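Note: the block below is work_8.csv and it holds CSV, C-alpha atoms.
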chain,number,residue,atom,x,y,z
A,1,MET,CA,76.8,167.5,83.2
A,2,LEU,CA,76.3,164.7,80.7
A,3,ASN,CA,77.8,162.3,83.1
A,4,PHE,CA,75.0,163.1,85.6
A,5,LEU,CA,72.4,162.9,82.8
A,6,TRP,CA,73.6,159.5,81.7
A,7,GLY,CA,73.9,158.3,85.3
A,8,ALA,CA,70.4,159.5,86.1
A,9,MET,CA,69.0,157.8,83.1
A,10,LEU,CA,70.7,154.5,83.9
A,11,LEU,CA,69.6,154.7,87.6
A,12,ILE,CA,66.0,155.5,86.6
A,13,GLY,CA,65.9,152.5,84.2
A,14,ILE,CA,67.3,150.1,86.8
A,15,VAL,CA,64.9,151.4,89.6
A,16,TYR,CA,62.0,151.2,87.2
A,17,GLY,CA,62.9,147.7,86.1
A,18,ALA,CA,63.2,146.6,89.8
A,19,ALA,CA,59.9,148.3,90.7
A,20,THR,CA,58.0,146.6,87.9
A,21,GLY,CA,59.5,143.2,88.3
A,22,ARG,CA,61.5,143.3,85.0
A,23,MET,CA,65.0,143.1,86.4
A,24,ASN,CA,65.7,140.1,84.2
A,25,GLU,CA,64.9,142.1,81.1
A,26,VAL,CA,67.2,145.0,82.3
A,27,THR,CA,70.0,142.5,82.9
A,28,ASP,CA,69.5,140.8,79.5
A,29,ALA,CA,69.4,144.2,77.8
A,30,ALA,CA,72.6,145.3,79.5
A,31,LEU,CA,74.5,142.1,78.5
A,32,SER,CA,73.3,142.1,74.9
A,33,SER,CA,74.0,145.8,74.5
A,34,ALA,CA,77.5,145.3,75.8
A,35,LYS,CA,78.1,142.4,73.3
A,36,GLU,CA,76.7,144.6,70.5
A,37,ALA,CA,78.9,147.5,71.5
A,38,VAL,CA,82.1,145.4,71.4
A,39,SER,CA,81.1,144.0,68.0
A,40,LEU,CA,80.4,147.5,66.6
A,41,CYS,CA,83.7,148.8,68.0
A,42,ILE,CA,85.6,146.0,66.3
A,43,THR,CA,83.8,146.6,63.0
A,44,MET,CA,84.4,150.4,63.2
A,45,ALA,CA,88.0,150.0,64.2
A,46,GLY,CA,88.7,148.1,61.0
A,47,ILE,CA,87.0,150.8,58.9
A,48,VAL,CA,88.7,153.6,60.7
A,49,ALA,CA,92.1,152.0,60.4
A,50,MET,CA,91.7,151.5,56.7
A,51,TRP,CA,90.6,155.1,56.0
A,52,VAL,CA,93.1,156.7,58.4
A,53,GLY,CA,95.8,154.7,56.5
A,54,ILE,CA,94.4,155.9,53.2
A,55,MET,CA,94.6,159.5,54.5
A,56,GLU,CA,98.2,159.0,55.7
A,57,ILE,CA,99.1,157.6,52.2
A,58,ALA,CA,97.4,160.6,50.6
A,59,LYS,CA,99.4,162.9,52.9
A,60,SER,CA,102.7,161.1,52.3
A,61,SER,CA,102.2,161.0,48.6
A,62,GLY,CA,101.7,164.8,48.4
A,63,LEU,CA,98.1,164.5,47.4
A,64,VAL,CA,96.9,166.5,50.4
A,65,GLU,CA,99.4,169.2,49.6
A,66,ARG,CA,98.2,169.4,46.0
A,67,LEU,CA,94.6,169.5,47.1
A,68,THR,CA,95.5,172.2,49.6
A,69,ARG,CA,96.9,174.4,46.8
A,70,LYS,CA,93.8,173.9,44.8
A,71,MET,CA,91.7,174.7,47.8
A,72,ARG,CA,93.7,177.9,48.6
A,73,PRO,CA,91.1,180.3,47.2
A,74,LEU,CA,88.4,178.7,49.3
A,75,LEU,CA,90.6,178.5,52.4
A,76,GLY,CA,91.6,182.2,51.9
A,77,PHE,CA,88.0,183.2,51.8
A,78,LEU,CA,87.1,181.1,54.9
A,79,PHE,CA,90.2,182.0,56.9
A,80,PRO,CA,91.4,185.5,55.8
A,81,ASP,CA,93.4,185.9,59.0
A,82,VAL,CA,95.6,182.9,58.3
A,83,PRO,CA,98.5,183.3,55.9
A,84,GLY,CA,98.2,181.0,52.9
A,85,GLU,CA,101.5,179.2,53.5
A,86,HIS,CA,100.9,178.6,57.2
A,87,ARG,CA,101.1,175.0,58.4
A,88,ALA,CA,97.6,175.3,59.8
A,89,MET,CA,96.2,175.5,56.3
A,90,GLU,CA,97.5,172.0,55.4
A,91,PHE,CA,95.9,170.5,58.5
A,92,ILE,CA,92.6,172.4,57.9
A,93,SER,CA,92.5,171.2,54.3
A,94,ALA,CA,93.3,167.6,55.3
A,95,ASN,CA,90.5,167.8,57.9
A,96,MET,CA,88.1,169.2,55.3
A,97,ILE,CA,89.0,166.5,52.8
A,98,ALA,CA,88.6,163.7,55.3
A,99,ASN,CA,85.2,165.1,56.4
A,100,PHE,CA,84.2,165.5,52.8
A,101,LEU,CA,84.8,161.8,52.3
A,102,GLY,CA,82.8,161.0,55.4
A,103,LEU,CA,85.8,160.0,57.4
A,104,GLY,CA,85.0,161.9,60.6
A,105,TRP,CA,87.3,159.8,62.8
A,106,ALA,CA,90.2,160.2,60.3
A,107,ALA,CA,89.6,163.9,60.3
A,108,THR,CA,89.9,164.3,64.0
A,109,PRO,CA,93.8,164.1,64.3
A,110,PHE,CA,94.1,166.7,61.5
A,111,GLY,CA,91.5,168.9,63.3
A,112,LEU,CA,93.4,168.8,66.5
A,113,LYS,CA,96.7,169.6,64.7
A,114,ALA,CA,95.0,172.5,62.9
A,115,MET,CA,93.7,173.9,66.2
A,116,GLU,CA,97.2,173.6,67.7
A,117,GLU,CA,98.7,175.5,64.8
A,118,LEU,CA,96.0,178.2,64.9
A,119,ALA,CA,96.7,178.6,68.7
A,120,LYS,CA,100.4,179.0,68.0
A,121,LEU,CA,99.6,181.6,65.3
A,122,GLU,CA,97.4,183.6,67.7
A,123,LYS,CA,100.1,183.3,70.5
A,124,GLN,CA,102.7,184.8,68.1
A,125,ARG,CA,100.3,187.6,67.1
A,126,LYS,CA,99.0,188.2,70.6
A,127,SER,CA,95.8,189.4,69.0
A,128,VAL,CA,93.5,187.5,71.4
A,129,SER,CA,94.0,186.8,75.1
A,130,PRO,CA,95.1,183.4,76.1
A,131,GLY,CA,92.3,180.9,76.4
A,132,THR,CA,90.1,182.8,73.9
A,133,ALA,CA,89.4,181.4,70.4
A,134,SER,CA,90.2,183.5,67.4
A,135,ASN,CA,87.9,184.0,64.4
A,136,ALA,CA,89.8,181.4,62.5
A,137,MET,CA,89.5,178.9,65.3
A,138,CYS,CA,85.7,179.5,65.6
A,139,THR,CA,85.3,179.3,61.8
A,140,PHE,CA,87.2,176.0,61.7
A,141,LEU,CA,85.3,174.5,64.6
A,142,ILE,CA,81.9,175.4,63.0
A,143,LEU,CA,82.9,174.1,59.6
A,144,ASN,CA,84.3,170.9,61.2
A,145,ILE,CA,81.0,170.4,63.0
A,146,SER,CA,78.8,171.0,59.9
A,147,SER,CA,81.3,168.9,57.7
A,148,LEU,CA,80.1,168.7,54.1
A,149,GLN,CA,80.1,165.0,53.3
A,150,LEU,CA,80.0,163.2,50.0
A,151,ILE,CA,80.2,159.7,51.4
A,152,PRO,CA,79.1,159.2,55.0
A,153,VAL,CA,81.3,156.1,55.5
A,154,ASN,CA,80.6,155.8,59.3
A,155,ILE,CA,76.8,155.9,58.9
A,156,ILE,CA,76.9,153.4,56.0
A,157,ALA,CA,79.0,151.1,58.2
A,158,TYR,CA,76.5,151.5,61.1
A,159,ARG,CA,73.6,150.8,58.8
A,160,SER,CA,75.4,147.7,57.4
A,161,GLN,CA,76.3,146.5,60.9
A,162,TYR,CA,72.6,146.6,61.9
A,163,GLY,CA,71.3,144.8,58.9
A,164,SER,CA,70.0,147.6,56.7
A,165,VAL,CA,68.7,146.4,53.3
A,166,ASN,CA,70.2,149.4,51.6
A,167,PRO,CA,73.0,150.9,53.7
A,168,THR,CA,73.9,153.5,51.1
A,169,ALA,CA,70.4,155.0,50.8
A,170,ILE,CA,71.7,157.6,53.3
A,171,VAL,CA,74.1,159.1,50.7
A,172,GLY,CA,71.6,161.5,49.0
A,173,PRO,CA,70.0,162.8,52.1
A,174,GLY,CA,73.4,163.1,53.8
A,175,ILE,CA,74.8,165.2,50.9
A,176,VAL,CA,71.8,167.6,51.1
A,177,ALA,CA,71.8,167.9,54.9
A,178,THR,CA,75.5,168.5,55.2
A,179,ALA,CA,75.5,170.9,52.2
A,180,VAL,CA,72.8,173.0,53.9
A,181,SER,CA,74.5,172.9,57.3
A,182,THR,CA,77.8,173.9,55.7
A,183,VAL,CA,76.3,176.8,53.7
A,184,VAL,CA,74.6,178.0,56.9
A,185,ALA,CA,77.8,177.7,58.8
A,186,VAL,CA,79.8,179.8,56.3
A,187,ILE,CA,77.1,182.5,56.3
A,188,PHE,CA,77.1,182.5,60.1
A,189,CYS,CA,80.9,182.8,60.3
A,190,LYS,CA,81.0,185.6,57.8
A,191,VAL,CA,78.3,187.5,59.5
A,192,MET,CA,80.0,187.1,62.9
A,193,GLU,CA,83.4,188.1,61.5
A,194,ARG,CA,82.0,191.5,60.5
A,195,LYS,CA,80.6,192.2,64.0
As structure tokens, please, write out the structure in this file.
Amino acid sequence: MLNFLWGAMLLIGIVYGAATGRMNEVTDAALSSAKEAVSLCITMAGIVAMWVGIMEIAKSSGLVERLTRKMRPLLGFLFPDVPGEHRAMEFISANMIANFLGLGWAATPFGLKAMEELAKLEKQRKSVSPGTASNAMCTFLILNISSLQLIPVNIIAYRSQYGSVNPTAIVGPGIVATAVSTVVAVIFCKVMERK
């Protein structure tokens, strides 16, 4: 559906540019946007590589495992159906830590692994039919989307790339917005679990 939407928007822009005699501006915008996209990708690739590396070091050093133990009461509250020692809990906590630090791209591999482990757990239990998400999977997905962030690294990098005078000005509003979204997500998940 989104492919059709984006395709229609591009087509409308090109047709409008041709109809109004602004095809040169359309071409210039396309070329400058492509150049800017490549530049942004290179900048973000460096930032992502650094933070993914830091998360891997934290995992290899045992820091993620120690933080998982400290987070066990919270994880037990959020995921009551998942045993505390299950491998999914390690990936869930690594994902939450990465999101908390604003490392959405570094959190993605941990999130995918967590979902795989939760799917394996449900397959063993046979508590939901194949292709159906369990309560734990839904809760994890909603928490991952709301993602409480202390330092929105990606947004700071974008703002810096585009010449913001104060790229870190987003930190305070980001903390408030993600805290509210996470609290609402937890309340929603707990209400839906009871139904």
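The spacing separating atom CA of Phe91 of chain A from atom CA of Ala114 of chain A amounts to 4.9 Å.
Each of A:Met192, A:Ile156, A:Ile97, A:Ala169 was compared to Asn144 of chain A using only C-alpha atoms, and A:Ile97 turns out to be the nearest.
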### Task
Skip Phe77 of chain A itself and residues of its chain fewer than 2 positions away, then list as a ChimeraX atom specification all residues within 12 Å of it, counting all atoms listed in the file.
/A:71-75,79-84,136,139,186-187,189-190,193
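Our summary of the geometry notes that atom CA of Ala133 of chain A is positioned 16.8 Å from atom CA of Ala185 of chain A.
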### Query
Excluding same-chain residues fewer than 6 positions from segment 50-65 of chain A, what lies within 12 Å of it counting only C-alpha atoms, as a list of chain:residue names?
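Residues near the query, excluding close chain neighbours: A:Thr43, A:Met44, A:Met71, A:Arg72, A:Glu85, A:Arg87, A:Met89, A:Glu90, A:Phe91, A:Ile92, A:Ser93, A:Ala94, A:Asn95, A:Met96, A:Ile97, A:Ala98, A:Asn99, A:Leu101, A:Gly102, A:Leu103, A:Gly104, A:Trp105, A:Ala106, A:Ala107, A:Thr108, A:Pro109, A:Phe110, A:Val153, A:Asn154.
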### Query
So how many Å separate atom CA of Ile12 of chain A and atom CA of Ala34 of chain A, to one decimal?
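One can read the atom CA of Ile12 of chain A to atom CA of Ala34 of chain A distance as 18.8 Å.
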### Message
Counting all atoms listed in the file, which residue out of A:Val176, A:Ala49, A:Tyr162, A:Arg69 sits closest to Ala37 of chain A?
### Response
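Result for the nearest residue to Ala37 of chain A: A:Tyr162.
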### Task
List every protein, DNA or RNA residue that has at least one atom no more than 12 Å from (102.5, 184.6, 63.6) in the file's coordinates, counting all atoms listed in the file, and write the result as JSON, numbers by chain.
{"A": [81, 82, 83, 85, 86, 87, 88, 117, 118, 119, 120, 121, 122, 123, 124, 125, 126, 127]}
### Counting all atoms listed in the file, the option among A:Ser181, A:Ser147, A:Asn135, A:Ser160 closest to Arg194 of chain A
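Of all the options, A:Asn135 lies closest to Arg194 of chain A.
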### Message
I need the residue nearest Arg159 of chain A from this list: A:Phe100, A:Lys113, A:Leu2, A:Leu40. Use all atoms listed in the file for the distance.
### Response
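Result for the nearest residue to Arg159 of chain A: A:Leu40.
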